[in-house]
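J.: entry.txt is the file, holding compact mmCIF, C-alpha atoms:
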```txt
# COMPACT_ATOMS: atom_id res chain seq x y z
CA MET A 682 144.23 163.35 51.36
CA LEU A 683 147.01 160.99 52.27
CA LEU A 684 146.98 159.23 55.61
CA ILE A 685 150.63 159.11 56.64
CA SER A 686 151.92 156.89 59.41
CA CYS A 687 154.35 158.91 61.48
CA PRO A 688 156.80 156.54 63.20
CA ASN A 689 156.22 158.38 66.48
CA CYS A 690 152.59 159.49 66.40
CA GLY A 691 150.70 157.02 64.25
CA SER A 692 148.42 157.78 61.33
CA ARG A 693 147.79 161.46 60.73
CA ASP A 694 146.46 163.60 57.93
CA GLU A 695 148.77 164.76 55.19
CA THR A 696 148.15 168.39 56.24
CA GLU A 697 150.18 167.86 59.40
CA PHE A 698 153.28 167.03 57.37
CA HIS A 699 155.74 168.83 55.18
CA TYR A 700 157.50 167.34 52.22
CA GLY A 701 161.28 167.30 52.32
CA GLY A 702 162.23 166.22 48.84
CA GLN A 703 164.32 163.31 47.72
CA ALA A 704 165.94 161.19 50.41
CA HIS A 705 169.46 159.73 50.36
CA VAL A 706 171.20 162.73 48.77
CA PRO A 707 174.57 162.71 50.57
CA TYR A 708 176.49 165.90 51.24
CA PRO A 709 179.65 165.89 49.08
CA GLU A 710 182.77 164.75 50.87
CA ASN A 711 184.92 167.54 49.44
CA PRO A 712 182.71 170.45 48.36
CA ASN A 713 185.77 172.62 47.65
CA ASP A 714 186.96 170.22 44.98
CA MET A 715 183.75 170.44 42.99
CA ASN A 716 183.25 172.71 40.03
CA ASP A 717 180.20 174.89 39.70
CA ARG A 718 178.28 172.39 37.65
CA GLU A 719 178.79 169.54 40.10
CA TRP A 720 177.85 171.80 43.01
CA ALA A 721 174.72 172.99 41.21
CA GLU A 722 173.77 169.41 40.47
CA PHE A 723 174.15 168.51 44.14
CA LEU A 724 172.05 171.48 45.19
CA PHE A 725 169.28 171.52 42.64
CA TYR A 726 169.17 168.35 40.56
CA ARG A 727 166.80 165.70 41.86
CA ASP A 728 165.32 162.56 40.44
CA ASN A 729 161.84 162.80 39.00
CA THR A 730 160.91 159.19 39.42
CA LYS A 731 157.72 157.73 38.09
CA GLY A 732 156.99 154.91 40.50
CA THR A 733 158.52 154.12 43.87
CA PHE A 734 160.39 157.12 45.22
CA ALA A 735 162.30 157.56 48.49
CA GLU A 736 161.53 160.93 50.04
CA ARG A 737 161.84 162.82 53.29
CA TRP A 738 158.88 164.01 55.33
CA LEU A 739 158.57 166.16 58.43
CA HIS A 740 155.71 165.78 60.90
CA SER A 741 155.63 169.52 61.39
CA THR A 742 152.51 169.94 63.52
CA GLY A 743 153.12 166.78 65.51
CA CYS A 744 156.38 165.47 66.85
CA ARG A 745 158.48 167.67 64.51
CA GLN A 746 160.68 164.73 63.58
CA TRP A 747 161.95 163.83 60.14
CA PHE A 748 161.51 160.41 58.61
CA ASN A 749 161.88 158.71 55.26
CA MET A 750 159.10 157.26 53.21
CA LEU A 751 158.87 155.07 50.13
CA ARG A 752 155.95 156.31 48.08
CA ASP A 753 154.71 155.43 44.66
CA THR A 754 154.45 158.70 42.77
CA VAL A 755 151.82 157.26 40.44
CA THR A 756 149.44 155.53 42.84
CA TYR A 757 150.42 157.42 46.03
CA ASP A 758 150.74 154.04 47.69
CA ILE A 759 152.96 154.37 50.77
CA GLN A 760 155.15 151.30 50.78
CA ALA A 761 157.46 151.88 53.73
CA VAL A 762 158.18 154.37 56.49
CA TYR A 763 161.67 154.18 57.95
CA PRO A 764 163.95 156.34 60.13
CA MET A 765 166.42 158.90 58.87
CA GLY A 766 169.89 157.52 58.33
CA THR A 767 168.85 153.99 57.52
CA PRO A 768 169.29 152.61 54.00
CA ARG A 769 166.37 152.39 51.64
CA PRO A 770 164.41 149.20 52.38
CA ASP A 771 163.87 146.76 49.57
CA VAL A 772 160.12 146.47 49.17
CA SER A 773 159.99 146.55 45.39
CA VAL A 774 159.03 142.90 44.94
CA PRO A 775 155.91 142.74 47.16
CA ALA A 776 154.84 146.23 46.13
CA ALA A 777 154.92 145.38 42.44
CA ALA A 778 152.90 142.25 43.01
CA GLU A 779 150.44 144.09 45.23
CA SER A 780 149.78 147.18 43.14
CA GLY A 781 149.31 145.22 39.96
CA THR A 782 150.80 145.87 36.57
CA ALA A 783 147.80 147.26 34.74
CA SER A 784 147.88 150.88 35.89
CA THR A 785 151.63 151.37 35.73
CA ALA A 786 151.88 149.75 32.32
CA ALA A 787 149.20 152.00 30.92
CA ASP A 788 150.80 155.11 32.37
CA SER A 789 154.23 154.30 31.02
CA THR A 790 153.03 154.10 27.43
CA THR A 791 150.79 157.15 27.27
CA THR A 792 150.86 160.25 29.40
CA GLY A 793 147.43 161.36 28.22
CA SER A 794 145.63 158.76 30.30
CA ALA A 795 147.74 159.36 33.38
CA ALA A 796 145.48 161.89 35.03
CA PRO A 797 142.25 159.88 35.28
CA SER A 798 144.02 156.69 36.25
CA THR A 799 146.00 158.29 39.07
CA SER A 800 142.92 159.93 40.52
CA ALA A 801 141.14 156.61 40.48
CA THR A 802 143.97 154.70 42.11
CA SER A 803 144.81 157.32 44.70
CA ILE A 804 141.54 156.66 46.50
CA SER A 805 142.36 153.01 46.98
CA ALA A 806 145.93 153.86 47.92
CA THR A 807 144.74 156.16 50.68
CA SER A 808 142.44 153.59 52.13
CA THR A 809 145.17 150.97 52.25
CA ALA A 810 147.86 153.32 53.54
CA SER A 811 146.94 152.84 57.17
CA SER A 812 147.14 149.09 56.96
CA THR A 813 150.43 148.88 55.10
CA THR A 814 152.52 150.55 57.78
CA ALA A 815 151.49 150.15 61.38
CA PRO A 816 153.94 152.10 63.53
CA GLU A 817 154.95 150.56 66.77
CA GLY A 818 154.40 152.62 69.85
CA ALA A 819 151.45 154.53 68.46
CA THR A 820 148.69 154.78 71.00
CA LYS A 821 146.18 156.41 68.76
CA MET B 76 141.84 185.05 86.70
CA ALA B 77 141.96 183.14 89.93
CA ASN B 78 143.95 184.36 92.88
CA THR B 79 145.18 187.49 91.16
CA ALA B 80 144.96 189.45 94.38
CA ALA B 81 147.10 186.97 96.26
CA LEU B 82 149.89 186.97 93.67
CA GLU B 83 152.15 189.96 93.50
CA GLY B 84 154.54 188.76 90.85
CA ILE B 85 157.55 190.51 89.50
CA ASN B 86 157.50 194.08 90.85
CA GLY B 87 153.73 194.02 90.90
CA LEU B 88 153.48 193.51 87.13
CA ARG B 89 151.37 190.42 87.63
CA ASP B 90 148.28 192.58 88.07
CA ILE B 91 148.44 194.07 84.59
CA ARG B 92 149.00 190.76 82.83
CA ARG B 93 146.27 190.01 80.29
CA SER B 94 145.56 186.55 78.97
CA PRO B 95 145.54 186.23 75.15
CA ALA B 96 141.79 185.62 74.95
CA SER B 97 140.74 187.91 77.81
CA HIS B 98 138.89 190.15 75.36
CA LEU B 99 136.67 187.17 74.50
CA THR B 100 135.56 186.47 78.07
CA ALA B 101 132.07 187.86 77.59
CA ALA B 102 131.67 186.21 74.20
CA LEU B 103 132.72 182.84 75.59
CA GLU B 104 130.16 183.20 78.35
CA THR B 105 127.27 184.06 76.06
CA GLY B 106 128.35 181.49 73.46
CA SER B 107 128.43 178.63 75.93
CA VAL B 108 125.35 176.45 76.24
CA GLN B 109 125.14 175.26 79.81
CA GLY B 110 124.67 171.53 80.02
CA THR B 111 125.57 171.04 76.36
CA VAL B 112 128.94 172.57 75.59
CA VAL B 113 130.83 175.16 77.62
CA LEU B 114 133.96 177.01 76.54
CA LYS B 115 136.10 179.17 78.76
CA GLU B 116 139.66 180.31 78.96
CA GLY B 117 141.61 178.65 81.72
CA PRO B 118 143.79 180.39 84.26
CA PHE B 119 147.42 181.24 83.59
CA GLN B 120 149.72 178.27 83.88
CA THR B 121 153.40 177.75 84.28
CA MET B 122 154.79 175.88 81.29
CA ALA B 123 158.30 174.74 80.61
CA GLY B 124 159.58 173.25 77.40
CA VAL B 125 162.04 170.47 78.10
CA ARG B 126 164.29 168.84 75.55
CA VAL B 127 166.24 165.96 76.97
CA ASP B 128 167.00 162.38 76.06
CA PRO B 129 164.71 160.46 78.44
CA ARG B 130 167.10 157.50 78.58
CA SER B 131 170.06 159.58 79.68
CA GLU B 132 171.19 160.41 83.18
CA GLN B 133 169.98 164.01 82.94
CA GLY B 134 166.69 162.62 81.65
CA SER B 135 166.18 160.64 84.83
CA ARG B 136 167.13 163.66 86.92
CA ILE B 137 164.47 165.74 85.17
CA ALA B 138 161.99 162.89 85.49
CA ALA B 139 162.57 162.90 89.24
CA VAL B 140 161.72 166.61 89.43
CA ALA B 141 158.75 166.55 87.06
CA GLY B 142 157.31 163.26 88.24
CA GLY B 143 158.27 161.04 85.34
CA LEU B 144 158.64 161.58 81.61
CA PRO B 145 156.06 160.11 79.22
CA ALA B 146 157.42 157.40 76.98
CA ARG B 147 155.26 157.61 73.89
CA CYS B 148 152.84 159.74 71.93
CA GLY B 149 149.73 160.66 73.88
CA GLU B 150 151.06 159.79 77.30
CA VAL B 151 150.88 162.26 80.16
CA SER B 152 152.91 161.73 83.29
CA GLY B 153 153.59 163.80 86.36
CA THR B 154 152.22 164.40 89.81
CA ASP B 155 148.93 165.83 91.07
CA SER B 156 149.76 169.40 90.19
CA VAL B 157 152.43 168.98 87.52
CA SER B 158 151.71 167.19 84.25
CA VAL B 159 154.29 166.36 81.63
CA LEU B 160 153.01 166.13 78.06
CA TRP B 161 154.74 164.17 75.33
CA LEU B 162 155.58 166.34 72.32
CA ALA B 163 158.33 164.30 70.66
CA PRO B 164 160.65 161.44 71.67
CA SER B 165 162.97 163.90 73.39
CA GLU B 166 160.70 166.93 73.83
CA PHE B 167 158.20 167.47 76.61
CA LEU B 168 155.95 170.22 77.94
CA VAL B 169 155.71 170.57 81.70
CA VAL B 170 152.44 172.21 82.77
CA ALA B 171 151.81 173.35 86.32
CA PRO B 172 149.63 175.90 88.11
CA GLU B 173 150.72 179.50 87.91
CA GLU B 174 151.96 179.52 91.52
CA ALA B 175 154.70 177.07 90.56
CA HIS B 176 156.52 179.78 88.61
CA ASP B 177 159.70 181.05 90.19
CA SER B 178 158.61 184.69 90.05
CA LEU B 179 155.53 183.85 92.13
CA GLY B 180 157.24 181.87 94.85
CA GLY B 181 157.43 178.49 93.18
CA ASP B 182 160.55 176.70 92.01
CA LEU B 183 159.50 174.66 88.97
CA ILE B 184 161.63 176.32 86.30
CA GLY B 185 164.61 176.66 88.59
CA SER B 186 164.52 173.09 89.78
CA LEU B 187 164.17 171.77 86.22
CA THR B 188 167.10 173.91 85.11
CA ALA B 189 169.13 172.70 88.07
CA ALA B 190 168.25 169.09 87.31
CA LEU B 191 169.49 169.48 83.74
CA GLY B 192 172.68 171.21 84.81
CA ASP B 193 175.33 171.40 82.13
CA ALA B 194 174.15 168.26 80.39
CA PRO B 195 172.89 168.33 76.79
CA GLY B 196 169.29 169.50 76.59
CA GLN B 197 167.29 172.57 77.39
CA VAL B 198 164.71 173.90 79.80
CA VAL B 199 162.85 176.96 78.55
CA ASP B 200 160.21 178.98 80.37
CA LEU B 201 157.24 178.94 77.97
CA SER B 202 154.58 180.16 80.39
CA ALA B 203 153.45 182.94 78.08
CA ASN B 204 153.68 180.87 74.91
CA ARG B 205 150.30 179.17 75.03
CA THR B 206 146.94 179.87 76.55
CA THR B 207 144.38 177.35 77.67
CA PHE B 208 140.83 176.79 76.46
CA GLU B 209 138.64 174.47 78.46
CA LEU B 210 135.90 172.86 76.40
CA SER B 211 133.46 170.61 78.20
CA GLY B 212 130.02 169.16 77.91
CA PRO B 213 128.27 166.28 76.14
CA ARG B 214 128.76 168.03 72.77
CA ALA B 215 132.41 168.97 73.28
CA ARG B 216 133.62 166.10 71.14
CA ALA B 217 131.19 166.98 68.35
CA VAL B 218 132.50 170.55 68.34
CA LEU B 219 136.11 169.42 68.09
CA GLU B 220 135.32 166.90 65.37
CA LYS B 221 134.32 169.74 63.07
CA GLY B 222 137.94 170.77 62.79
CA CYS B 223 140.11 167.93 64.00
CA ALA B 224 140.93 164.87 61.93
CA LEU B 225 141.96 162.69 64.84
CA ASP B 226 139.80 159.86 66.08
CA LEU B 227 138.35 161.47 69.20
CA HIS B 228 136.10 158.57 70.11
CA PRO B 229 136.61 157.55 73.76
CA ARG B 230 137.79 154.10 72.72
CA SER B 231 140.92 155.56 71.15
CA PHE B 232 141.23 158.95 72.86
CA THR B 233 140.99 158.30 76.57
CA PRO B 234 141.04 160.77 79.47
CA GLY B 235 144.56 161.65 80.48
CA THR B 236 145.83 161.63 76.91
CA ALA B 237 147.41 164.57 75.10
CA LEU B 238 148.04 164.79 71.37
CA THR B 239 149.65 167.46 69.25
CA THR B 240 147.41 168.12 66.29
CA GLU B 241 145.37 170.73 64.44
CA VAL B 242 141.96 172.06 65.44
CA GLY B 243 140.40 174.40 62.93
CA ASN B 244 143.75 174.46 61.10
CA ILE B 245 145.42 175.82 64.24
CA PRO B 246 148.24 173.73 65.74
CA VAL B 247 147.24 172.90 69.29
CA ILE B 248 148.01 170.43 72.01
CA LEU B 249 144.76 168.67 72.78
CA LEU B 250 144.52 167.26 76.29
CA LYS B 251 141.58 165.16 77.33
CA THR B 252 140.97 165.81 81.01
CA GLY B 253 137.74 163.89 81.51
CA ASP B 254 135.11 161.90 79.70
CA GLU B 255 133.54 165.05 78.28
CA SER B 256 136.13 167.72 78.89
CA PHE B 257 139.06 168.80 76.80
CA ARG B 258 141.81 171.33 77.24
CA LEU B 259 143.31 173.03 74.19
CA PHE B 260 146.67 174.75 74.23
CA PRO B 261 146.96 177.09 71.24
CA ARG B 262 149.81 179.54 70.89
CA ALA B 263 148.92 182.96 72.21
CA SER B 264 148.67 184.60 68.80
CA PHE B 265 146.15 181.99 67.65
CA ALA B 266 143.95 182.31 70.74
CA ASP B 267 141.64 184.92 69.23
CA PHE B 268 141.05 182.97 66.04
CA LEU B 269 140.61 179.62 67.76
CA GLY B 270 138.27 181.10 70.38
CA ARG B 271 136.05 182.58 67.71
CA TRP B 272 136.27 179.43 65.63
CA LEU B 273 135.11 177.31 68.57
CA LEU B 274 132.30 179.74 69.34
CA ASP B 275 131.13 179.44 65.75
CA ALA B 276 131.31 175.65 65.95
CA MET B 277 129.28 175.71 69.18
CA ARG B 278 126.56 177.98 67.85
CA GLU B 279 124.29 175.27 66.49
CA TYR B 280 123.88 173.72 69.92
CA ALA B 281 122.25 176.89 71.24
CA SER B 282 119.29 176.35 68.93
CA PRO B 283 116.56 173.83 69.73
CA GLU B 284 117.23 170.49 68.14
CA VAL B 285 115.33 169.86 64.92
CA PRO B 286 113.64 166.48 65.12
```
Let me see the file written as structure tokens.
T.:
Amino acid sequence: MLLISCPNCGSRDETEFHYGGQAHVPYPENPNDMNDREWAEFLFYRDNTKGTFAERWLHSTGCRQWFNMLRDTVTYDIQAVYPMGTPRPDVSVPAAAESGTASTAADSTTTGSAAPSTSATSISATSTASSTTAPEGATK
Amino acid sequence: MANTAALEGINGLRDIRRSPASHLTAALETGSVQGTVVLKEGPFQTMAGVRVDPRSEQGSRIAAVAGGLPARCGEVSGTDSVSVLWLAPSEFLVVAPEEAHDSLGGDLIGSLTAALGDAPGQVVDLSANRTTFELSGPRARAVLEKGCALDLHPRSFTPGTALTTEVGNIPVILLKTGDESFRLFPRASFADFLGRWLLDAMREYASPEVP
């Protein structure tokens, strides 16, 4: 279970949220000028990043507001929570130093060992999630 | 429900109104453990959903009618009879006694609508949207903790605080009215399930405590 820091409500369980897919996918400026392939790529093609990934989340049973989140898809470490419409924050340097290189290096070379290592690291990522992003204005 | 005889309502239809958990009244009574944890369905209330930017001019007009708008998550503002619950940065729930409804002689919905005027926002009568469960007693918090992931300890969840969350997987607004009393606002269609779920959670406290 992830503990996600909603910018409005504070830390809540993952079950209160809905995933909104990749963030920062702009609507095409001239959709009529695109051919079918380009349009299909805009609609359906998304990155499948291994590592830090910018994604949208909706606090559906809370304040019903959307927000963006930087999450490591390997360790589930939540690195940043930021409002919709703002550019992706640059937290790659401290995050890489903090999460260590051992687990990501092992995962990148062999996919067979990915499952046990992610389950082991996700526990620590959950416990640190609340301390990494403390939302302002949360009374809870 | 209280004062049903005194309230005539729209063309006398008030008398045949049934609350969403009225069929559970007897079960709630027998399931409650007096002095330990008591569950009952509250009276009808007038509720209005308000969406308005609290920093705008229309926001201050609505705040004047409702008795202030809460500024952040958990806050509850309002007057003695009207409370305004924070749902989102620009979304609020105004809760008042049933008599405040326009059809019963009050003017809450009408005055909120008039305060908004033509400005951006909305005032919607949601009086029939949610029902109220009142859970109280020394074990009320223990019952809620079986199905709510929030920190309900008094040091972080103080009386006069309302949070939107899940209890027993049902989305509710959880209002803490006193040190040992809570008010839950589930949507009407979830009232049956949540009432039975709470009764099940309360059942252990009817048995003598095992040392």
J.: Restrict the distance test to only C-alpha atoms, flag each residue of chain B within 10 Å of chain A, and return the flagged residues as an mmCIF file with C-alpha atoms, in the coordinates of the input.
T.:
```
data_model
loop_
_atom_site.group_PDB
_atom_site.id
_atom_site.type_symbol
_atom_site.label_atom_id
_atom_site.label_comp_id
_atom_site.auth_asym_id
_atom_site.auth_seq_id
_atom_site.Cartn_x
_atom_site.Cartn_y
_atom_site.Cartn_z
ATOM 1 C CA ALA B 146 157.420 157.400 76.980
ATOM 2 C CA ARG B 147 155.260 157.610 73.890
ATOM 3 C CA CYS B 148 152.840 159.740 71.930
ATOM 4 C CA GLY B 149 149.730 160.660 73.880
ATOM 5 C CA GLU B 150 151.060 159.790 77.300
ATOM 6 C CA TRP B 161 154.740 164.170 75.330
ATOM 7 C CA LEU B 162 155.580 166.340 72.320
ATOM 8 C CA ALA B 163 158.330 164.300 70.660
ATOM 9 C CA PRO B 164 160.650 161.440 71.670
ATOM 10 C CA SER B 165 162.970 163.900 73.390
ATOM 11 C CA GLU B 166 160.700 166.930 73.830
ATOM 12 C CA CYS B 223 140.110 167.930 64.000
ATOM 13 C CA ALA B 224 140.930 164.870 61.930
ATOM 14 C CA LEU B 225 141.960 162.690 64.840
ATOM 15 C CA ASP B 226 139.800 159.860 66.080
ATOM 16 C CA LEU B 227 138.350 161.470 69.200
ATOM 17 C CA ARG B 230 137.790 154.100 72.720
ATOM 18 C CA SER B 231 140.920 155.560 71.150
ATOM 19 C CA PHE B 232 141.230 158.950 72.860
ATOM 20 C CA THR B 233 140.990 158.300 76.570
ATOM 21 C CA THR B 236 145.830 161.630 76.910
ATOM 22 C CA LEU B 238 148.040 164.790 71.370
ATOM 23 C CA THR B 239 149.650 167.460 69.250
ATOM 24 C CA THR B 240 147.410 168.120 66.290
ATOM 25 C CA GLU B 241 145.370 170.730 64.440
ATOM 26 C CA ASN B 244 143.750 174.460 61.100
ATOM 27 C CA ILE B 245 145.420 175.820 64.240
ATOM 28 C CA PRO B 246 148.240 173.730 65.740
ATOM 29 C CA VAL B 247 147.240 172.900 69.290
ATOM 30 C CA ILE B 248 148.010 170.430 72.010
#
```
J.: What gap, in Å, lies between CA of Phe167 (chain B) and CA of Pro95 (chain B)?
T.: 22.7 Å
J.: Can you work out the spacing between CA of Asp275 (chain B) and CA of Val170 (chain B) in Å, to one decimal?
T.: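 Calculated distance between CA of Asp275 (chain B) and CA of Val170 (chain B) is 28.2 Å.
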J.: Restricting the calculation to only C-alpha atoms, which member of A:Cys687, A:Leu724, A:Leu751, A:Ala761 is positioned closest to Tyr708 (chain A)?
T.: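 The closest residue to Tyr708 (chain A) is A:Leu724.
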J.: Rounded to one decimal place, report the CA of Val151 (chain B)-CA of Asn204 (chain B) distance in Å.
T.: 19.5 Å
J.: List as a PyMOL selection string the protein and nucleic acid residues near region 250-258 of chain B, meaning an atom at most 8 Å away when all atoms listed in the file are counted, but skip any in the same chain fewer than 4 places from it.
T.: chain B and resi 207-216+229+232-238
J.: Using all atoms listed in the file, determine which residues lie at most 12 Å from Ser264 (chain B), disregarding the query and same-chain residues fewer than 2 positions distant; provide the list as a CSV table (one decimal) with C-alpha atoms, in the frame of the given file.
T.:
```csv
chain,number,residue,atom,x,y,z
B,94,SER,CA,145.6,186.6,79.0
B,95,PRO,CA,145.5,186.2,75.2
B,96,ALA,CA,141.8,185.6,75.0
B,203,ALA,CA,153.4,182.9,78.1
B,204,ASN,CA,153.7,180.9,74.9
B,205,ARG,CA,150.3,179.2,75.0
B,206,THR,CA,146.9,179.9,76.6
B,245,ILE,CA,145.4,175.8,64.2
B,246,PRO,CA,148.2,173.7,65.7
B,247,VAL,CA,147.2,172.9,69.3
B,260,PHE,CA,146.7,174.8,74.2
B,261,PRO,CA,147.0,177.1,71.2
B,262,ARG,CA,149.8,179.5,70.9
B,266,ALA,CA,144.0,182.3,70.7
B,267,ASP,CA,141.6,184.9,69.2
B,268,PHE,CA,141.0,183.0,66.0
B,269,LEU,CA,140.6,179.6,67.8
B,270,GLY,CA,138.3,181.1,70.4
```
J.: For region 264-277 of chain B, I'd like the enclosing box, axis-aligned and padded by 3 Å on every side, reported as JSON with centre and edge lengths in Å to one decimal.
T.:
```
{"center_x": 139.0, "center_y": 180.3, "center_z": 68.2, "size_x": 25.4, "size_y": 15.3, "size_z": 11.1}
```
J.: Counting all atoms listed in the file, which residues come within 8 Å of (162.5, 169.8, 78.0), with the point read in the file's coordinates, and could you list them as a PDB file with C-alpha atoms, in the coordinates of the input?
T.:
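And here's result_20.pdb as it stands now:
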```pdb
ATOM      1  CA  ALA B 123     158.300 174.740  80.610  1.00  0.00           C
ATOM      2  CA  GLY B 124     159.580 173.250  77.400  1.00  0.00           C
ATOM      3  CA  VAL B 125     162.040 170.470  78.100  1.00  0.00           C
ATOM      4  CA  ARG B 126     164.290 168.840  75.550  1.00  0.00           C
ATOM      5  CA  VAL B 127     166.240 165.960  76.970  1.00  0.00           C
ATOM      6  CA  SER B 165     162.970 163.900  73.390  1.00  0.00           C
ATOM      7  CA  GLU B 166     160.700 166.930  73.830  1.00  0.00           C
ATOM      8  CA  PHE B 167     158.200 167.470  76.610  1.00  0.00           C
ATOM      9  CA  LEU B 168     155.950 170.220  77.940  1.00  0.00           C
ATOM     10  CA  VAL B 169     155.710 170.570  81.700  1.00  0.00           C
ATOM     11  CA  GLY B 196     169.290 169.500  76.590  1.00  0.00           C
ATOM     12  CA  GLN B 197     167.290 172.570  77.390  1.00  0.00           C
ATOM     13  CA  VAL B 198     164.710 173.900  79.800  1.00  0.00           C
ATOM     14  CA  VAL B 199     162.850 176.960  78.550  1.00  0.00           C
TER      15      VAL B 199
END
```
J.: Excluding Met277 (chain B) and its own-chain neighbours fewer than 4 positions away, which residues fall within 9 Å of it when counting all atoms listed in the file? Please give them as a VMD selection string.
T.: chain B and resid 106 to 108 112 to 114 214 to 215 217 to 218 272 to 273 281
J.: What's around Thr100 (chain B) at 8 Å? Count only C-alpha atoms, leave out sequence neighbours fewer than 3 positions away in its own chain, and write the answer as a PyMOL selection string.
T.: chain B and resi 96-97+103-104+115-116
J.: Taking all atoms listed in the file into account, name the residue in B:Val157, B:Lys221, B:Arg136, B:Ser152 that is nearest to Thr188 (chain B).
T.: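 Using all atoms listed in the file, Thr188 (chain B) sits closest to B:Arg136.
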J.: Give me the residues near Gly222 (chain B) as JSON, numbers by chain, where near means some atom within 6 Å (using all atoms listed in the file) and where sequence neighbours in that chain fewer than 3 positions away do not count.
T.: {"B": [219, 242, 243]}
J.: Enumerate, as a VMD selection string, the protein, DNA and RNA residues whose atoms approach (158.3, 161.1, 55.1) to within 8 Å, taking into account only C-alpha atoms and the coordinate frame of the file.
T.: chain A and resid 687 700 to 701 736 to 740 747 to 751 762
J.: I need the residue nearest Gln760 (chain A) from this list: A:Gly702, A:Gly732, A:Pro707, A:Pro712. Use all atoms listed in the file for the distance.
T.: A:Gly732
J.: So, with only C-alpha atoms as the atoms that count, which of A:Lys731, A:His705, A:His699, A:Arg718 lies closest to Val755 (chain A)?
T.: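 Of all the options, A:Lys731 lies closest to Val755 (chain A).
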J.: Because the input lacks atoms here, generate N, CA and C atoms for region 716-732 of chain A and report them as a JSON list (two decimals), in the frame of the given file.
T.:
```json
[["chain", "number", "residue", "atom", "x", "y", "z"],
["A", 716, "ASN", "N", 183.45, 171.52, 40.85],
["A", 716, "ASN", "CA", 183.25, 172.71, 40.03],
["A", 716, "ASN", "C", 181.81, 173.18, 40.15],
["A", 717, "ASP", "N", 181.52, 174.29, 39.52],
["A", 717, "ASP", "CA", 180.20, 174.89, 39.70],
["A", 717, "ASP", "C", 179.08, 173.97, 39.25],
["A", 718, "ARG", "N", 179.34, 173.25, 38.18],
["A", 718, "ARG", "CA", 178.28, 172.39, 37.65],
["A", 718, "ARG", "C", 177.96, 171.26, 38.63],
["A", 719, "GLU", "N", 179.03, 170.64, 39.15],
["A", 719, "GLU", "CA", 178.79, 169.54, 40.10],
["A", 719, "GLU", "C", 178.08, 170.05, 41.35],
["A", 720, "TRP", "N", 178.49, 171.23, 41.82],
["A", 720, "TRP", "CA", 177.85, 171.80, 43.01],
["A", 720, "TRP", "C", 176.38, 172.11, 42.74],
["A", 721, "ALA", "N", 176.11, 172.67, 41.56],
["A", 721, "ALA", "CA", 174.72, 172.99, 41.21],
["A", 721, "ALA", "C", 173.90, 171.71, 41.10],
["A", 722, "GLU", "N", 174.53, 170.66, 40.59],
["A", 722, "GLU", "CA", 173.77, 169.41, 40.47],
["A", 722, "GLU", "C", 173.48, 168.83, 41.85],
["A", 723, "PHE", "N", 174.43, 168.98, 42.78],
["A", 723, "PHE", "CA", 174.15, 168.51, 44.14],
["A", 723, "PHE", "C", 173.02, 169.33, 44.77],
["A", 724, "LEU", "N", 173.04, 170.63, 44.54],
["A", 724, "LEU", "CA", 172.05, 171.48, 45.19],
["A", 724, "LEU", "C", 170.66, 171.32, 44.60],
["A", 725, "PHE", "N", 170.58, 171.31, 43.27],
["A", 725, "PHE", "CA", 169.28, 171.52, 42.64],
["A", 725, "PHE", "C", 168.77, 170.33, 41.84],
["A", 726, "TYR", "N", 169.63, 169.41, 41.46],
["A", 726, "TYR", "CA", 169.17, 168.35, 40.56],
["A", 726, "TYR", "C", 168.65, 167.18, 41.37],
["A", 727, "ARG", "N", 167.40, 166.81, 41.14],
["A", 727, "ARG", "CA", 166.80, 165.70, 41.86],
["A", 727, "ARG", "C", 166.14, 164.76, 40.87],
["A", 728, "ASP", "N", 166.01, 163.52, 41.28],
["A", 728, "ASP", "CA", 165.32, 162.56, 40.44],
["A", 728, "ASP", "C", 163.84, 162.95, 40.32],
["A", 729, "ASN", "N", 163.27, 162.58, 39.20],
["A", 729, "ASN", "CA", 161.84, 162.80, 39.00],
["A", 729, "ASN", "C", 161.22, 161.45, 38.66],
["A", 730, "THR", "N", 161.24, 160.59, 39.65],
["A", 730, "THR", "CA", 160.91, 159.19, 39.42],
["A", 730, "THR", "C", 159.41, 159.01, 39.20],
["A", 731, "LYS", "N", 159.11, 158.18, 38.25],
["A", 731, "LYS", "CA", 157.72, 157.73, 38.09],
["A", 731, "LYS", "C", 157.65, 156.33, 38.67],
["A", 732, "GLY", "N", 157.00, 156.20, 39.82],
["A", 732, "GLY", "CA", 156.99, 154.91, 40.50],
["A", 732, "GLY", "C", 157.47, 155.10, 41.93]]
```
